[in-house]
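Source file target.pdb; content: PDB, C-alpha atoms.
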ATOM      1  CA  GLN A  23    -116.127 -37.808  15.598
ATOM      2  CA  PRO A  24    -118.941 -38.507  18.145
ATOM      3  CA  SER A  25    -119.843 -42.150  18.437
ATOM      4  CA  ASP A  26    -123.307 -43.477  17.645
ATOM      5  CA  PRO A  27    -125.712 -43.630  20.619
ATOM      6  CA  ALA A  28    -125.543 -46.933  22.413
ATOM      7  CA  PRO A  29    -128.594 -49.128  21.784
ATOM      8  CA  ASP A  30    -131.082 -49.599  24.591
ATOM      9  CA  VAL A  31    -130.353 -52.986  26.054
ATOM     10  CA  SER A  32    -132.763 -52.836  28.989
ATOM     11  CA  PRO A  33    -135.327 -55.691  29.011
ATOM     12  CA  ALA A  34    -138.799 -55.089  27.620
ATOM     13  CA  PRO A  35    -141.573 -54.772  30.227
ATOM     14  CA  ASP A  36    -142.959 -58.241  29.479
ATOM     15  CA  ALA A  37    -139.654 -59.930  28.854
ATOM     16  CA  PRO A  38    -138.442 -62.430  31.426
ATOM     17  CA  VAL A  39    -135.448 -61.346  33.431
ATOM     18  CA  SER A  40    -132.685 -63.943  33.736
ATOM     19  CA  ASP A  41    -130.254 -64.123  36.615
ATOM     20  CA  GLU A  42    -127.491 -64.939  34.141
ATOM     21  CA  THR A  43    -125.997 -62.405  31.739
ATOM     22  CA  PRO A  44    -124.598 -63.781  28.457
ATOM     23  CA  ALA A  45    -120.812 -63.735  28.458
ATOM     24  CA  SER A  46    -120.734 -61.858  25.167
ATOM     25  CA  ASP A  47    -122.641 -58.903  26.653
ATOM     26  CA  SER A  48    -119.925 -57.979  29.199
ATOM     27  CA  PRO A  49    -116.277 -57.193  28.637
ATOM     28  CA  GLY A  50    -113.793 -59.885  29.540
ATOM     29  CA  PRO A  51    -111.321 -59.430  32.371
ATOM     30  CA  ASP A  52    -108.620 -58.214  29.951
ATOM     31  CA  GLU A  53    -110.837 -56.091  27.707
ATOM     32  CA  PRO A  54    -111.208 -52.335  28.482
ATOM     33  CA  PRO A  55    -114.691 -50.802  28.335
ATOM     34  CA  GLU A  56    -115.763 -49.491  24.934
ATOM     35  CA  ASP A  57    -115.693 -45.852  26.073
ATOM     36  CA  GLU A  58    -112.033 -46.174  27.100
ATOM     37  CA  VAL A  59    -111.131 -47.668  23.711
ATOM     38  CA  ALA A  60    -112.810 -44.745  21.955
ATOM     39  CA  ALA A  61    -110.916 -42.264  24.133
ATOM     40  CA  GLU A  62    -107.617 -43.831  23.111
ATOM     41  CA  GLU A  63    -108.351 -43.275  19.422
ATOM     42  CA  GLU A  64    -106.624 -40.125  18.109
ATOM     43  CA  VAL A  65    -109.042 -37.340  17.276
ATOM     44  CA  GLN A  66    -108.913 -36.157  13.672
ATOM     45  CA  VAL A  67    -110.000 -32.757  12.418
ATOM     46  CA  LEU A  68    -110.603 -31.368   8.952
ATOM     47  CA  VAL A  69    -107.828 -29.120   7.635
ATOM     48  CA  ALA A  70    -109.366 -26.110   5.903
ATOM     49  CA  GLU A  71    -106.309 -23.907   5.200
ATOM     50  CA  LEU A  72    -102.511 -23.983   5.373
ATOM     51  CA  ASP A  73    -100.170 -21.020   5.673
ATOM     52  CA  VAL A  74     -96.441 -20.482   6.276
ATOM     53  CA  VAL A  75     -95.143 -17.211   7.764
ATOM     54  CA  THR A  76     -92.034 -16.017   9.550
ATOM     55  CA  LEU A  77     -92.152 -15.677  13.306
ATOM     56  CA  ASP A  78     -90.956 -12.061  13.192
ATOM     57  CA  GLY A  79     -93.314 -11.019  10.419
ATOM     58  CA  SER A  80     -90.599 -10.435   7.829
ATOM     59  CA  PRO A  81     -91.102 -11.647   4.220
ATOM     60  CA  LEU A  82     -90.252 -15.308   3.674
ATOM     61  CA  ASP A  83     -87.854 -16.134   0.868
ATOM     62  CA  PRO A  84     -89.911 -17.789  -1.930
ATOM     63  CA  SER A  85     -87.436 -20.664  -2.197
ATOM     64  CA  LEU A  86     -87.824 -21.408   1.519
ATOM     65  CA  GLU A  87     -91.590 -21.185   1.195
ATOM     66  CA  ASP A  88     -91.489 -23.865  -1.501
ATOM     67  CA  ILE A  89     -89.269 -26.028   0.689
ATOM     68  CA  ASP A  90     -91.745 -25.700   3.567
ATOM     69  CA  TYR A  91     -94.771 -26.701   1.529
ATOM     70  CA  GLN A  92     -92.875 -29.689   0.125
ATOM     71  CA  ALA A  93     -92.056 -30.824   3.677
ATOM     72  CA  ILE A  94     -95.649 -30.447   4.937
ATOM     73  CA  THR A  95     -97.868 -33.520   4.593
ATOM     74  CA  LEU A  96    -101.096 -31.829   5.777
ATOM     75  CA  ARG A  97    -103.479 -31.078   2.923
ATOM     76  CA  PRO A  98    -106.516 -28.759   2.873
ATOM     77  CA  GLY A  99    -109.767 -30.693   2.644
ATOM     78  CA  ARG A 100    -108.313 -33.759   4.348
ATOM     79  CA  PRO A 101    -108.562 -34.861   7.970
ATOM     80  CA  ALA A 102    -105.427 -34.875  10.122
ATOM     81  CA  ALA A 103    -104.407 -35.754  13.678
ATOM     82  CA  ARG A 104    -102.173 -33.906  16.109
ATOM     83  CA  SER A 105     -99.380 -36.437  15.538
ATOM     84  CA  GLN A 106     -99.307 -35.488  11.835
ATOM     85  CA  LEU A 107     -98.953 -31.823  12.822
ATOM     86  CA  GLN A 108     -95.917 -32.646  14.964
ATOM     87  CA  GLU A 109     -94.514 -34.772  12.160
ATOM     88  CA  ASP A 110     -94.692 -31.805   9.782
ATOM     89  CA  ILE A 111     -92.886 -29.597  12.312
ATOM     90  CA  ASN A 112     -90.118 -32.211  12.395
ATOM     91  CA  ASN A 113     -90.102 -32.385   8.584
ATOM     92  CA  ILE A 114     -89.540 -28.627   8.320
ATOM     93  CA  PHE A 115     -86.715 -28.814  10.876
ATOM     94  CA  ALA A 116     -85.186 -31.695   8.916
ATOM     95  CA  THR A 117     -84.657 -29.465   5.876
ATOM     96  CA  GLY A 118     -81.854 -27.765   7.832
ATOM     97  CA  PHE A 119     -82.840 -24.211   6.877
ATOM     98  CA  PHE A 120     -84.673 -23.177  10.055
ATOM     99  CA  ALA A 121     -83.697 -22.351  13.619
ATOM    100  CA  ASN A 122     -87.247 -22.463  14.999
ATOM    101  CA  VAL A 123     -90.580 -23.865  13.822
ATOM    102  CA  ARG A 124     -94.008 -23.533  15.434
ATOM    103  CA  ALA A 125     -97.538 -24.486  14.379
ATOM    104  CA  GLN A 126    -100.734 -22.642  15.356
ATOM    105  CA  PRO A 127    -104.100 -24.346  14.617
ATOM    106  CA  GLU A 128    -107.260 -22.152  14.615
ATOM    107  CA  ASP A 129    -110.880 -23.207  14.292
ATOM    108  CA  THR A 130    -112.896 -21.787  11.370
ATOM    109  CA  ASP A 131    -116.376 -22.443  10.033
ATOM    110  CA  LEU A 132    -114.946 -24.804   7.408
ATOM    111  CA  GLY A 133    -112.443 -26.619   9.616
ATOM    112  CA  VAL A 134    -109.015 -25.849  11.076
ATOM    113  CA  ARG A 135    -106.582 -23.333   9.639
ATOM    114  CA  VAL A 136    -102.945 -24.352  10.408
ATOM    115  CA  THR A 137    -100.303 -21.635  10.337
ATOM    116  CA  PHE A 138     -96.650 -22.696  10.449
ATOM    117  CA  GLY A 139     -94.357 -20.017  11.883
ATOM    118  CA  VAL A 140     -90.694 -20.417  10.924
ATOM    119  CA  GLN A 141     -87.439 -18.663  11.765
ATOM    120  CA  PRO A 142     -84.984 -19.099   8.859
ATOM    121  CA  ASN A 143     -81.288 -19.387   9.549
ATOM    122  CA  PRO A 144     -79.220 -16.316   8.599
ATOM    123  CA  ILE A 145     -77.031 -16.087   5.529
ATOM    124  CA  LEU A 146     -73.651 -17.639   6.350
ATOM    125  CA  THR A 147     -70.905 -15.018   6.167
ATOM    126  CA  GLY A 148     -67.995 -16.786   7.868
ATOM    127  CA  VAL A 149     -66.764 -19.511  10.215
ATOM    128  CA  ASP A 150     -64.766 -18.838  13.369
ATOM    129  CA  ILE A 151     -62.736 -21.711  14.837
ATOM    130  CA  ARG A 152     -61.971 -21.448  18.551
ATOM    131  CA  THR A 153     -59.759 -23.772  20.573
ATOM    132  CA  ASP A 154     -58.848 -23.680  24.272
ATOM    133  CA  GLY A 155     -57.700 -20.070  23.976
ATOM    134  CA  GLU A 156     -54.089 -20.764  24.997
ATOM    135  CA  THR A 157     -52.533 -21.996  21.773
ATOM    136  CA  ALA A 158     -52.935 -20.965  18.158
ATOM    137  CA  SER A 159     -54.988 -23.393  16.121
ATOM    138  CA  VAL A 160     -53.084 -25.743  13.839
ATOM    139  CA  LEU A 161     -55.896 -25.317  11.296
ATOM    140  CA  PRO A 162     -54.862 -22.886   8.522
ATOM    141  CA  ASP A 163     -57.335 -20.119   7.668
ATOM    142  CA  GLU A 164     -57.259 -21.119   4.007
ATOM    143  CA  LYS A 165     -58.412 -24.627   4.937
ATOM    144  CA  ILE A 166     -61.463 -23.157   6.734
ATOM    145  CA  ASP A 167     -62.391 -21.221   3.590
ATOM    146  CA  GLU A 168     -61.765 -24.294   1.447
ATOM    147  CA  ILE A 169     -64.145 -26.437   3.521
ATOM    148  CA  PHE A 170     -66.915 -23.901   4.203
ATOM    149  CA  GLY A 171     -66.397 -21.335   1.425
ATOM    150  CA  ASP A 172     -69.008 -22.726  -0.980
ATOM    151  CA  GLN A 173     -71.682 -22.081   1.691
ATOM    152  CA  TYR A 174     -70.788 -18.409   2.216
ATOM    153  CA  GLY A 175     -73.428 -15.980   0.961
ATOM    154  CA  LYS A 176     -76.201 -18.593   1.172
ATOM    155  CA  ILE A 177     -78.894 -19.272   3.758
ATOM    156  CA  LEU A 178     -77.271 -21.532   6.332
ATOM    157  CA  ASN A 179     -78.327 -25.140   5.910
ATOM    158  CA  LEU A 180     -77.396 -27.081   9.025
ATOM    159  CA  ILE A 181     -77.331 -30.404   7.179
ATOM    160  CA  ASP A 182     -74.767 -29.158   4.647
ATOM    161  CA  PHE A 183     -72.906 -27.426   7.476
ATOM    162  CA  GLN A 184     -72.711 -30.686   9.431
ATOM    163  CA  ASP A 185     -71.228 -32.411   6.379
ATOM    164  CA  ALA A 186     -68.552 -29.709   6.293
ATOM    165  CA  ILE A 187     -67.830 -30.296   9.998
ATOM    166  CA  LEU A 188     -67.244 -33.979   9.213
ATOM    167  CA  GLU A 189     -64.829 -32.922   6.475
ATOM    168  CA  LEU A 190     -63.074 -30.681   9.004
ATOM    169  CA  ASN A 191     -62.664 -33.596  11.431
ATOM    170  CA  GLU A 192     -61.332 -35.757   8.590
ATOM    171  CA  TRP A 193     -58.685 -33.113   7.794
ATOM    172  CA  TYR A 194     -57.453 -33.161  11.381
ATOM    173  CA  THR A 195     -57.200 -36.964  11.290
ATOM    174  CA  SER A 196     -55.398 -36.993   7.925
ATOM    175  CA  GLN A 197     -52.776 -34.584   9.324
ATOM    176  CA  GLY A 198     -52.143 -36.808  12.356
ATOM    177  CA  TYR A 199     -54.115 -34.714  14.855
ATOM    178  CA  VAL A 200     -56.096 -37.795  15.827
ATOM    179  CA  LEU A 201     -57.498 -36.327  19.056
ATOM    180  CA  ALA A 202     -58.963 -33.185  17.491
ATOM    181  CA  GLN A 203     -62.725 -32.878  17.050
ATOM    182  CA  VAL A 204     -65.534 -30.341  17.083
ATOM    183  CA  THR A 205     -67.044 -30.558  20.562
ATOM    184  CA  ALA A 206     -70.266 -28.518  20.339
ATOM    185  CA  ALA A 207     -73.000 -27.453  17.949
ATOM    186  CA  PRO A 208     -72.259 -24.272  15.984
ATOM    187  CA  GLN A 209     -73.296 -20.963  17.510
ATOM    188  CA  VAL A 210     -74.523 -18.666  14.747
ATOM    189  CA  SER A 211     -74.632 -14.903  15.267
ATOM    190  CA  ASP A 212     -77.219 -12.592  13.751
ATOM    191  CA  GLU A 213     -74.512 -11.485  11.310
ATOM    192  CA  GLY A 214     -74.202 -15.067  10.022
ATOM    193  CA  VAL A 215     -70.845 -15.986  11.587
ATOM    194  CA  ALA A 216     -70.819 -19.595  12.801
ATOM    195  CA  THR A 217     -68.514 -20.278  15.754
ATOM    196  CA  LEU A 218     -67.128 -23.801  16.199
ATOM    197  CA  ILE A 219     -65.389 -25.000  19.351
ATOM    198  CA  VAL A 220     -62.624 -27.493  18.540
ATOM    199  CA  ALA A 221     -60.723 -29.525  21.115
ATOM    200  CA  GLU A 222     -57.510 -30.094  19.195
ATOM    201  CA  GLY A 223     -55.888 -32.354  21.799
ATOM    202  CA  VAL A 224     -53.406 -30.007  23.457
ATOM    203  CA  ILE A 225     -50.807 -31.815  25.583
ATOM    204  CA  GLU A 226     -50.988 -30.766  29.226
ATOM    205  CA  SER A 227     -47.955 -32.782  30.388
ATOM    206  CA  ILE A 228     -45.591 -35.599  29.449
ATOM    207  CA  GLU A 229     -44.998 -38.044  32.279
ATOM    208  CA  VAL A 230     -42.640 -41.009  32.468
ATOM    209  CA  ARG A 231     -43.817 -44.136  34.289
ATOM    210  CA  TYR A 232     -42.063 -47.449  34.776
ATOM    211  CA  ILE A 233     -43.710 -50.825  34.309
ATOM    212  CA  ASP A 234     -42.802 -54.381  35.186
ATOM    213  CA  GLU A 235     -42.765 -57.328  32.805
ATOM    214  CA  ASP A 236     -46.534 -57.768  33.268
ATOM    215  CA  GLY A 237     -47.257 -54.161  32.353
ATOM    216  CA  ASN A 238     -48.099 -53.050  35.895
ATOM    217  CA  THR A 239     -47.290 -49.467  36.872
ATOM    218  CA  VAL A 240     -47.595 -50.092  40.637
ATOM    219  CA  ASP A 241     -46.154 -52.745  42.910
ATOM    220  CA  ALA A 242     -47.993 -55.104  45.269
ATOM    221  CA  GLU A 243     -48.349 -52.295  47.840
ATOM    222  CA  GLY A 244     -49.890 -49.961  45.254
ATOM    223  CA  GLU A 245     -46.798 -47.760  45.056
ATOM    224  CA  PRO A 246     -45.453 -46.565  41.683
ATOM    225  CA  ILE A 247     -42.694 -48.779  40.345
ATOM    226  CA  ASP A 248     -39.324 -47.088  40.698
ATOM    227  CA  GLY A 249     -37.114 -46.773  37.669
ATOM    228  CA  ARG A 250     -33.366 -46.409  37.505
ATOM    229  CA  THR A 251     -33.396 -43.988  34.570
ATOM    230  CA  HIS A 252     -33.850 -40.270  35.154
ATOM    231  CA  ASP A 253     -36.984 -38.946  33.440
ATOM    232  CA  TYR A 254     -35.128 -36.273  31.506
ATOM    233  CA  ILE A 255     -33.121 -38.956  29.686
ATOM    234  CA  VAL A 256     -36.416 -39.916  28.016
ATOM    235  CA  THR A 257     -38.100 -36.551  27.615
ATOM    236  CA  ARG A 258     -35.069 -34.856  26.058
ATOM    237  CA  GLU A 259     -35.522 -37.229  23.097
ATOM    238  CA  PHE A 260     -39.025 -35.811  22.525
ATOM    239  CA  GLU A 261     -39.655 -33.108  19.979
ATOM    240  CA  THR A 262     -43.204 -32.962  21.360
ATOM    241  CA  GLN A 263     -43.573 -30.630  24.317
ATOM    242  CA  PRO A 264     -46.387 -29.679  26.727
ATOM    243  CA  GLY A 265     -48.590 -27.083  25.056
ATOM    244  CA  ASP A 266     -48.241 -28.701  21.620
ATOM    245  CA  VAL A 267     -51.184 -30.315  19.853
ATOM    246  CA  PHE A 268     -50.916 -34.109  19.938
ATOM    247  CA  ARG A 269     -49.750 -35.344  16.534
ATOM    248  CA  GLN A 270     -49.448 -39.056  15.964
ATOM    249  CA  GLY A 271     -46.540 -39.040  13.515
ATOM    250  CA  THR A 272     -44.415 -36.754  15.701
ATOM    251  CA  ILE A 273     -45.026 -38.737  18.885
ATOM    252  CA  GLU A 274     -44.149 -41.992  17.080
ATOM    253  CA  GLN A 275     -40.801 -40.522  16.082
ATOM    254  CA  ASP A 276     -40.235 -39.380  19.670
ATOM    255  CA  LEU A 277     -40.850 -42.905  20.975
ATOM    256  CA  ARG A 278     -38.535 -44.368  18.356
ATOM    257  CA  ARG A 279     -35.670 -42.067  19.381
ATOM    258  CA  ALA A 280     -36.169 -42.968  23.051
ATOM    259  CA  PHE A 281     -36.220 -46.680  22.256
ATOM    260  CA  ASP A 282     -33.071 -46.366  20.117
ATOM    261  CA  LEU A 283     -31.144 -45.404  23.260
ATOM    262  CA  GLY A 284     -30.843 -49.164  23.676
ATOM    263  CA  ILE A 285     -31.501 -49.232  27.421
ATOM    264  CA  PHE A 286     -35.204 -50.157  27.369
ATOM    265  CA  ASP A 287     -36.936 -53.406  26.578
ATOM    266  CA  ASP A 288     -40.249 -51.749  25.717
ATOM    267  CA  ILE A 289     -41.908 -48.328  25.558
ATOM    268  CA  ARG A 290     -45.677 -47.990  25.513
ATOM    269  CA  LEU A 291     -47.773 -44.858  25.186
ATOM    270  CA  SER A 292     -51.066 -44.153  26.952
ATOM    271  CA  LEU A 293     -53.242 -41.058  27.293
ATOM    272  CA  ASP A 294     -55.263 -39.638  30.173
ATOM    273  CA  PRO A 295     -57.509 -36.554  30.368
ATOM    274  CA  GLY A 296     -55.741 -33.500  31.727
ATOM    275  CA  ASP A 297     -55.967 -32.750  35.434
ATOM    276  CA  GLU A 298     -56.653 -29.040  34.942
ATOM    277  CA  ASP A 299     -58.667 -29.224  31.719
ATOM    278  CA  PRO A 300     -60.293 -32.477  30.551
ATOM    279  CA  ARG A 301     -60.143 -31.224  26.952
ATOM    280  CA  LYS A 302     -56.369 -31.510  27.196
ATOM    281  CA  VAL A 303     -54.404 -34.739  27.422
ATOM    282  CA  LYS A 304     -51.642 -36.180  29.563
ATOM    283  CA  VAL A 305     -49.110 -38.223  27.600
ATOM    284  CA  LEU A 306     -47.904 -41.164  29.691
ATOM    285  CA  VAL A 307     -44.686 -42.840  28.554
ATOM    286  CA  ASN A 308     -44.638 -46.315  30.104
ATOM    287  CA  ILE A 309     -41.148 -47.826  30.134
ATOM    288  CA  ASP A 310     -39.955 -51.369  30.741
ATOM    289  CA  GLU A 311     -36.265 -50.859  31.555
ATOM    290  CA  GLY A 312     -35.108 -54.434  31.418
ATOM    291  CA  ASN A 313     -31.585 -55.384  32.483
ATOM    292  CA  THR A 314     -28.688 -53.195  31.367
ATOM    293  CA  GLY A 315     -25.874 -54.704  33.487
ATOM    294  CA  SER A 316     -23.756 -57.849  33.070
ATOM    295  CA  VAL A 317     -20.932 -59.634  34.884
ATOM    296  CA  GLY A 318     -18.371 -61.952  33.311
ATOM    297  CA  ALA A 319     -15.541 -64.183  34.548
ATOM    298  CA  ALA A 320     -12.829 -66.244  32.871
ATOM    299  CA  VAL A 321      -9.836 -68.501  33.712
ATOM    300  CA  GLY A 322      -6.972 -69.349  31.336
ATOM    301  CA  PHE A 323      -3.249 -69.806  30.850
ATOM    302  CA  ASN A 324      -0.679 -68.362  28.501
ATOM    303  CA  LEU A 325       2.165 -69.899  26.468
ATOM    304  CA  THR A 326       4.615 -69.656  29.354
ATOM    305  CA  GLY A 327       2.349 -71.716  31.549
ATOM    306  CA  ASP A 328       1.146 -68.890  33.737
ATOM    307  CA  ILE A 329      -2.442 -69.265  34.947
ATOM    308  CA  PHE A 330      -4.634 -66.150  35.138
ATOM    309  CA  GLY A 331      -8.231 -65.236  35.930
ATOM    310  CA  SER A 332     -10.365 -62.223  35.101
ATOM    311  CA  ILE A 333     -13.678 -60.720  36.128
ATOM    312  CA  SER A 334     -15.539 -57.933  34.327
ATOM    313  CA  TYR A 335     -18.595 -55.746  34.874
ATOM    314  CA  GLN A 336     -20.529 -53.797  32.258
ATOM    315  CA  GLN A 337     -23.402 -51.327  32.821
ATOM    316  CA  ASP A 338     -25.104 -49.582  29.871
ATOM    317  CA  ASN A 339     -27.169 -47.184  31.996
ATOM    318  CA  PHE A 340     -24.792 -46.185  34.740
ATOM    319  CA  GLY A 341     -26.450 -43.988  37.359
ATOM    320  CA  GLY A 342     -29.632 -43.824  35.266
ATOM    321  CA  ASN A 343     -27.888 -41.311  32.997
ATOM    322  CA  ASN A 344     -27.597 -43.479  29.847
ATOM    323  CA  GLN A 345     -23.830 -43.664  30.396
ATOM    324  CA  LYS A 346     -21.749 -46.822  29.827
ATOM    325  CA  LEU A 347     -19.372 -48.237  32.438
ATOM    326  CA  ARG A 348     -16.794 -50.925  31.643
ATOM    327  CA  THR A 349     -14.431 -52.461  34.261
ATOM    328  CA  GLU A 350     -12.181 -55.530  34.193
ATOM    329  CA  VAL A 351      -9.686 -56.992  36.665
ATOM    330  CA  GLN A 352      -7.161 -59.651  35.546
ATOM    331  CA  LEU A 353      -4.936 -61.538  38.027
ATOM    332  CA  SER A 354      -2.055 -63.816  37.110
ATOM    333  CA  GLU A 355       0.877 -65.296  39.073
ATOM    334  CA  ARG A 356       2.998 -62.227  38.341
ATOM    335  CA  ASP A 357       0.628 -59.383  37.373
ATOM    336  CA  LEU A 358      -2.518 -57.590  38.463
ATOM    337  CA  LEU A 359      -4.171 -55.651  35.625
ATOM    338  CA  PHE A 360      -7.126 -53.282  35.965
ATOM    339  CA  ASP A 361      -8.977 -51.606  33.130
ATOM    340  CA  GLY A 362     -11.888 -49.178  33.409
ATOM    341  CA  SER A 363     -13.795 -46.808  31.121
TER     342      SER A 363
END

Entire entry expressed as C-alpha cells:
Amino acid sequence: QPSDPAPDVSPAPDAPVSDETPASDSPGPDEPPEDEVAAEEEVQVLVAELDVVTLDGSPLDPSLEDIDYQAITLRPGRPAARSQLQEDINNIFATGFFANVRAQPEDTDLGVRVTFGVQPNPILTGVDIRTDGETASVLPDEKIDEIFGDQYGKILNLIDFQDAILELNEWYTSQGYVLAQVTAAPQVSDEGVATLIVAEGVIESIEVRYIDEDGNTVDAEGEPIDGRTHDYIVTREFETQPGDVFRQGTIEQDLRRAFDLGIFDDIRLSLDPGDEDPRKVKVLVNIDEGNTGSVGAAVGFNLTGDIFGSISYQQDNFGGNNQKLRTEVQLSERDLLFDGS
C-alpha cells in the first residue's frame, strides 16, 4: 500500500530559523531512514481468485484437487504476501502426491488471480530393486510385494513410499545385512515403476592383518606387522567369501571358527570401503597371534640312583601352518632318549 504523504516540515515564512535541529526530528545513528523501513516491509496484494490445474492440461483427479485446496492457505478476498504463496507451494509438495508444483499470479480488476499448476505422480505399478549389477539381490521378490504391494494401483504418495523404504531397510537389518541401505531417491517411470538403488554391502575382499598387543597394524617404521601364520589358515575357516553380501551372523561364526584354532590371542574385525567400488566393503581380519611356543627343562633321579635331565620344546603353530610340533631329549648316565612328533 502507498504510504501517506510526508507532512511539510519546512519553517513558515515568519518563523524563526534555529541553528539547532531537535534530536527527535532526525534518525539516530543506528536507525534507518523511514523510506528504507517501508521498503523492507513485505508487499501484500488482494487475492481475487484461486485455481488448481495440471501442468499438461489433463483433467485433475477430484481427490487430488481436494487435497490441493486443503493444503492452500491463500483465500479469495484476503490479502497475501509472496512468502505465503511460496509456503502454499511447499504445502502442496508436502502432501507427497506431486512431482512438480508451480504458481502463476495474474493481475485482474478485482485483485490477483493465483493459478497453481501441479504434476501428479503416476499410479504405482511396481518396484524394481537394483544392486551393483554383479550379484543377485538377497531380497526375495515376495518381500518386495509384501512391503510395497498395498500401494500398487494407487497414485504414488512419496511420503507413504518413504515409509515403505524404511521398512525395507529394517528388513535388511533384521536379517543380518547390516550394511545394506537404499542409497538414492526413487526414480519413477511414466509407467509407474519405481526403481530403487540398494547398496547391499557386497564384500570386495577379505584381508588378514596382524596387530601387536596395543592394536597397531604397523611397526615404528610404518611397515605392516609381519605374522607367522599363513593367511589361508584363517580364510579357509570362513564361509563368507568375496562377492557375498556382508551378513553379521555368518561373519561372527567365521571369526569364532578361526579363534577356535587356539593359536590366536585375539581376532578383531574392521571394515573399509572397497578400492574399486566404494559401495562395496573390504573385510579386514586383525589378528593378535600371541605366543604359541614353549620350552621346558627338568632334572631328576630314579630309584637306582641314576641322575637324568631333560629338555623339551613345543610349538602349536609350526611353520605358520597350524601344525603342532613336540620334541623332548632326555639324558641320563647310561641312556640318551629322544622323542619327537

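Across the model, the gap from atom CA of A:Ala216 to atom CA of A:Asn143 is 11.0 Å.
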
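The residue that comes closest to A:Gly237, out of A:Asp129, A:Glu87, A:Asp299, A:Asp287 and on the basis of only C-alpha atoms, is A:Asp287.
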
Listed atoms of stretch 119-134 of chain A boxed axis-aligned with 5 Å per side, centre + edges as JSON:
{"center_x": -99.6, "center_y": -24.2, "center_z": 11.2, "size_x": 43.5, "size_y": 14.8, "size_z": 18.6}

The PyMOL selection byres ((chain A and resi 233) around 12) on the file shown: which residues, as a PyMOL selection string? chain A and resi 230-232+234-241+245-250+286-291+306-312

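With all atoms listed in the file as the atoms that count, the minimum distance from A:Ala70 to the choices A:Leu188, A:Val134, A:Ile166, A:Ala102 is reached by A:Val134.
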
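Among the candidates A:Glu229, A:Glu350, A:Glu261, A:Glu243, the residue lying nearest to A:Ser292 is A:Glu229 (atoms considered: all atoms listed in the file).
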
Using Å and a single decimal, report how far atom CA of A:Ile187 sits from atom CA of A:Asp297. 28.2 Å

Can you turn the PyMOL selection byres ((chain A and resi 205) around 9) into a concrete residue list for this file, as an MDAnalysis selection string? chainID A and resid 203:204 206:207 218:221

Going by the chain IDs and residue numbers used in this file, which residues fall under the PyMOL selection byres ((chain A and resi 339-347) around 12)? Write them as an MDAnalysis selection string. chainID A and resid 248:256 258 280:286 311:317 334:338 348:350 361:363

Once you count all atoms listed in the file, which residues end up no further than 6 Å from (-4.9, -63.4, 34.1) in the file's frame, shown as number ranges by chain? A: 330-332, 352-354

In Å, rounded to a single decimal, give me how far atom CA of A:Pro264 is from atom CA of A:Asp163. 24.0 Å

A:Ala186 proximity check over A:Asn122, A:Asn112, A:Gln92, A:Gln173, using all atoms listed in the file: winner is A:Gln173
